[in-house]
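Novice: Contents of structure-v4.cif (mmCIF, C-alpha atoms):
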data_model
loop_
_atom_site.label_atom_id
_atom_site.label_comp_id
_atom_site.auth_asym_id
_atom_site.auth_seq_id
_atom_site.Cartn_x
_atom_site.Cartn_y
_atom_site.Cartn_z
CA MET A 1285 0.00 0.00 0.00
CA THR A 1286 1.14 3.46 -0.72
CA ALA A 1287 0.54 6.36 1.56
CA LEU A 1288 -1.24 9.39 0.22
CA ALA A 1289 1.04 12.31 -0.38
CA PRO A 1290 0.18 15.44 1.54
CA PRO A 1291 -1.60 18.05 -0.56
CA VAL A 1292 0.73 20.48 -2.22
CA ARG A 1293 0.02 24.09 -1.44
CA ARG A 1294 0.27 26.26 -4.49
CA ARG A 1295 2.06 29.53 -4.09
CA PRO A 1296 0.34 32.50 -5.68
CA ALA A 1297 1.84 33.84 -8.88
CA PRO A 1298 4.26 36.69 -8.19
CA ALA A 1299 2.40 39.06 -10.52
CA GLY A 1300 -0.84 38.19 -8.74
CA LEU A 1301 0.77 39.04 -5.43
CA VAL A 1302 1.84 42.42 -6.80
CA ILE A 1303 -1.65 43.11 -8.15
CA ARG A 1304 -3.33 42.24 -4.84
CA THR A 1305 -1.04 44.30 -2.66
CA LEU A 1306 -0.87 47.33 -4.94
CA LEU A 1307 -4.60 47.22 -5.65
CA ALA A 1308 -5.39 47.40 -1.94
CA ARG A 1309 -3.17 50.49 -1.60
CA ASN A 1310 -4.47 52.13 -4.77
CA LEU A 1311 -8.11 51.59 -3.79
CA GLN A 1312 -7.48 53.38 -0.52
CA ILE A 1313 -5.86 56.33 -2.30
CA ALA A 1314 -8.56 56.37 -5.01
CA ARG A 1315 -11.35 56.59 -2.43
CA TRP A 1316 -9.78 59.72 -0.97
CA PHE A 1317 -9.13 61.17 -4.42
CA TRP A 1318 -12.73 60.72 -5.60
CA LEU A 1319 -14.13 62.04 -2.33
CA ILE A 1320 -12.05 65.20 -2.65
CA VAL A 1321 -12.83 65.66 -6.38
CA VAL A 1322 -16.57 65.26 -5.95
CA LEU A 1323 -16.74 67.49 -2.88
CA ALA A 1324 -14.57 70.18 -4.48
CA ALA A 1325 -16.59 70.11 -7.71
CA ALA A 1326 -19.84 70.37 -5.76
CA ALA A 1327 -18.54 73.26 -3.64
CA ILE A 1328 -17.17 75.15 -6.65
CA THR A 1329 -20.44 74.64 -8.54
CA LEU A 1330 -22.54 75.88 -5.61
CA ILE A 1331 -20.36 78.95 -5.14
CA TRP A 1332 -20.32 79.63 -8.87
CA LEU A 1333 -24.11 79.38 -9.08
CA GLN A 1334 -24.37 82.15 -6.48
CA VAL A 1335 -22.14 84.46 -8.51
CA THR A 1336 -23.20 83.85 -12.12
CA GLN A 1337 -24.88 81.42 -14.47
CA PRO A 1338 -22.24 78.83 -15.50
CA GLN A 1339 -21.79 78.16 -19.21
CA TRP A 1340 -20.00 74.84 -18.70
CA SER A 1341 -19.67 72.12 -16.08
CA VAL A 1342 -16.97 72.13 -13.45
CA LEU A 1343 -16.75 68.36 -13.80
CA SER A 1344 -15.78 68.70 -17.46
CA TRP A 1345 -12.61 70.38 -16.24
CA ALA A 1346 -12.22 68.00 -13.32
CA ARG A 1347 -11.61 65.11 -15.69
CA GLN A 1348 -8.10 66.47 -16.21
CA ALA A 1349 -7.48 65.70 -12.55
CA VAL A 1350 -8.49 62.10 -13.20
CA LEU A 1351 -6.02 61.77 -16.08
CA TRP A 1352 -3.18 63.24 -14.05
CA PHE A 1353 -4.13 61.19 -10.99
CA SER A 1354 -3.83 57.95 -12.95
CA PHE A 1355 -0.53 59.07 -14.46
CA SER A 1356 0.93 60.10 -11.10
CA GLN A 1357 -0.22 56.85 -9.50
CA ALA A 1358 1.64 54.89 -12.18
CA ILE A 1359 4.83 56.84 -11.49
CA VAL A 1360 4.51 56.43 -7.72
CA THR A 1361 3.79 52.71 -8.09
CA VAL A 1362 7.00 52.13 -10.00
CA THR A 1363 9.33 54.47 -8.14
CA ALA A 1364 8.18 53.54 -4.64
CA GLY A 1365 7.14 49.96 -5.19
CA LEU A 1366 9.89 48.49 -7.33
CA PRO A 1367 12.77 48.78 -4.84
CA ALA A 1368 10.64 47.33 -2.03
CA TYR A 1369 9.42 44.37 -4.06
CA VAL A 1370 12.87 43.61 -5.47
CA ALA A 1371 14.37 43.80 -1.98
CA ALA A 1372 11.72 41.30 -0.85
CA GLY A 1373 12.89 38.85 -3.51
CA LEU A 1374 10.48 39.49 -6.37
CA THR A 1375 11.85 39.81 -9.88
CA ARG A 1376 11.56 42.98 -11.89
CA ARG A 1377 9.66 41.08 -14.56
CA ALA A 1378 6.99 39.90 -12.12
CA PHE A 1379 6.70 43.39 -10.69
CA ALA A 1380 6.37 44.92 -14.17
CA ARG A 1381 3.64 42.46 -15.14
CA GLY A 1382 1.73 43.06 -11.93
CA ALA A 1383 2.13 46.85 -12.10
CA VAL A 1384 0.96 47.02 -15.73
CA ALA A 1385 -2.06 44.85 -14.95
CA LEU A 1386 -2.82 47.00 -11.92
CA GLN A 1387 -2.67 50.22 -13.93
CA LEU A 1388 -5.02 48.75 -16.54
CA ILE A 1389 -7.47 47.80 -13.79
CA ALA A 1390 -7.11 51.20 -12.12
CA GLY A 1391 -7.52 53.03 -15.44
CA VAL A 1392 -10.73 51.19 -16.25
CA GLY A 1393 -11.99 51.74 -12.71
CA ASN A 1394 -11.28 55.47 -12.82
CA ALA A 1395 -12.93 55.74 -16.24
CA VAL A 1396 -16.06 53.99 -14.98
CA VAL A 1397 -16.28 56.23 -11.91
CA LEU A 1398 -15.70 59.32 -14.04
CA VAL A 1399 -18.52 58.36 -16.42
CA VAL A 1400 -20.86 57.72 -13.50
CA VAL A 1401 -19.96 61.04 -11.87
CA MET A 1402 -20.30 62.95 -15.16
CA GLN A 1403 -23.77 61.46 -15.70
CA ALA A 1404 -24.95 62.48 -12.24
#
Can you give me the file's structure in the form of structure tokens?
Specialist:
Amino acid sequence: MTALAPPVRRRPAPAGLVIRTLLARNLQIARWFWLIVVLAAAAITLIWLQVTQPQWSVLSWARQAVLWFSFSQAIVTVTAGLPAYVAAGLTRRAFARGAVALQLIAGVGNAVVLVVVMQA
């Protein structure tokens, strides 16, 4: 009789680990960003309505903040995250794959939120 081998635990893919950890951090930052953008746009609109009749939406200009936010998050992810992940033993290739996937997810998420906010 042969004994059953113990189940082998699979280690998560390195890129998946990068995506999970960076996504948790980026979601926290994105919540604050969207809270500030929506509150600022609402306050500016209310103040502007008291002064004059607006000819365009404040949110149409606020979308530039979304573009620059995504861009700056990509730069911060690479400059701050790469040395830490490499020092922890992850390869640059795995970090690059995870960071690119994360930025695609974050870009789509920011686009969806922007469309929802612009429609409101």
Novice: Set the distance at 12 Å and use all atoms listed in the file: which residues neighbour Arg1304 of chain A once local chain neighbours fewer than 3 positions away are removed? I'd like the list as a compact mmCIF listing (two decimals) with C-alpha atoms, in the frame of the given file.
Specialist:
# COMPACT_ATOMS: atom_id res chain seq x y z
CA PRO A 1296 0.34 32.50 -5.68
CA ALA A 1297 1.84 33.84 -8.88
CA PRO A 1298 4.26 36.69 -8.19
CA ALA A 1299 2.40 39.06 -10.52
CA GLY A 1300 -0.84 38.19 -8.74
CA LEU A 1301 0.77 39.04 -5.43
CA LEU A 1307 -4.60 47.22 -5.65
CA ALA A 1308 -5.39 47.40 -1.94
CA ARG A 1309 -3.17 50.49 -1.60
CA ASN A 1310 -4.47 52.13 -4.77
CA LEU A 1311 -8.11 51.59 -3.79
CA PHE A 1379 6.70 43.39 -10.69
CA GLY A 1382 1.73 43.06 -11.93
CA ALA A 1383 2.13 46.85 -12.10
CA ALA A 1385 -2.06 44.85 -14.95
CA LEU A 1386 -2.82 47.00 -11.92
CA ILE A 1389 -7.47 47.80 -13.79
Novice: Translate the PyMOL selection byres ((chain A and resi 1360-1369) around 10), as applied to the file shown, into an explicit residue set as a PyMOL selection string.
Specialist: chain A and resi 1302+1306+1309-1310+1354-1359+1370-1376+1378-1380+1383-1384+1386-1387
Novice: Of the candidates A:Val1292, A:Ala1326, A:Val1321, A:Leu1333, which one gets nearest to Leu1398 of chain A if we count only C-alpha atoms?
Specialist: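 So, comparing all the options, the nearest one is A:Val1321.
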Novice: With the file shown as input, list the residues that the PyMOL selection byres ((chain A and resi 1349) around 12) selects, as a list in words.
Specialist: Phe1317, Trp1318, Ile1320, Val1321, Val1322, Ala1324, Ala1325, Val1342, Leu1343, Ser1344, Trp1345, Ala1346, Arg1347, Gln1348, Val1350, Leu1351, Trp1352, Phe1353, Ser1354, Phe1355, Ser1356, Gln1357, Asn1394, Ala1395 and Leu1398 of chain A
Novice: Would you work out the distance separating atom CA of Ala1327 of chain A from atom CA of Trp1340 of chain A, expressed in Å to one decimal?
Specialist: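 Here the two named atoms are 15.2 Å from each other.
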Novice: Using atom CA of Arg1381 of chain A and atom CA of Gln1312 of chain A as the two end points, give the distance in Å to one decimal.
Specialist: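 Distance between the two atoms: 21.4 Å.
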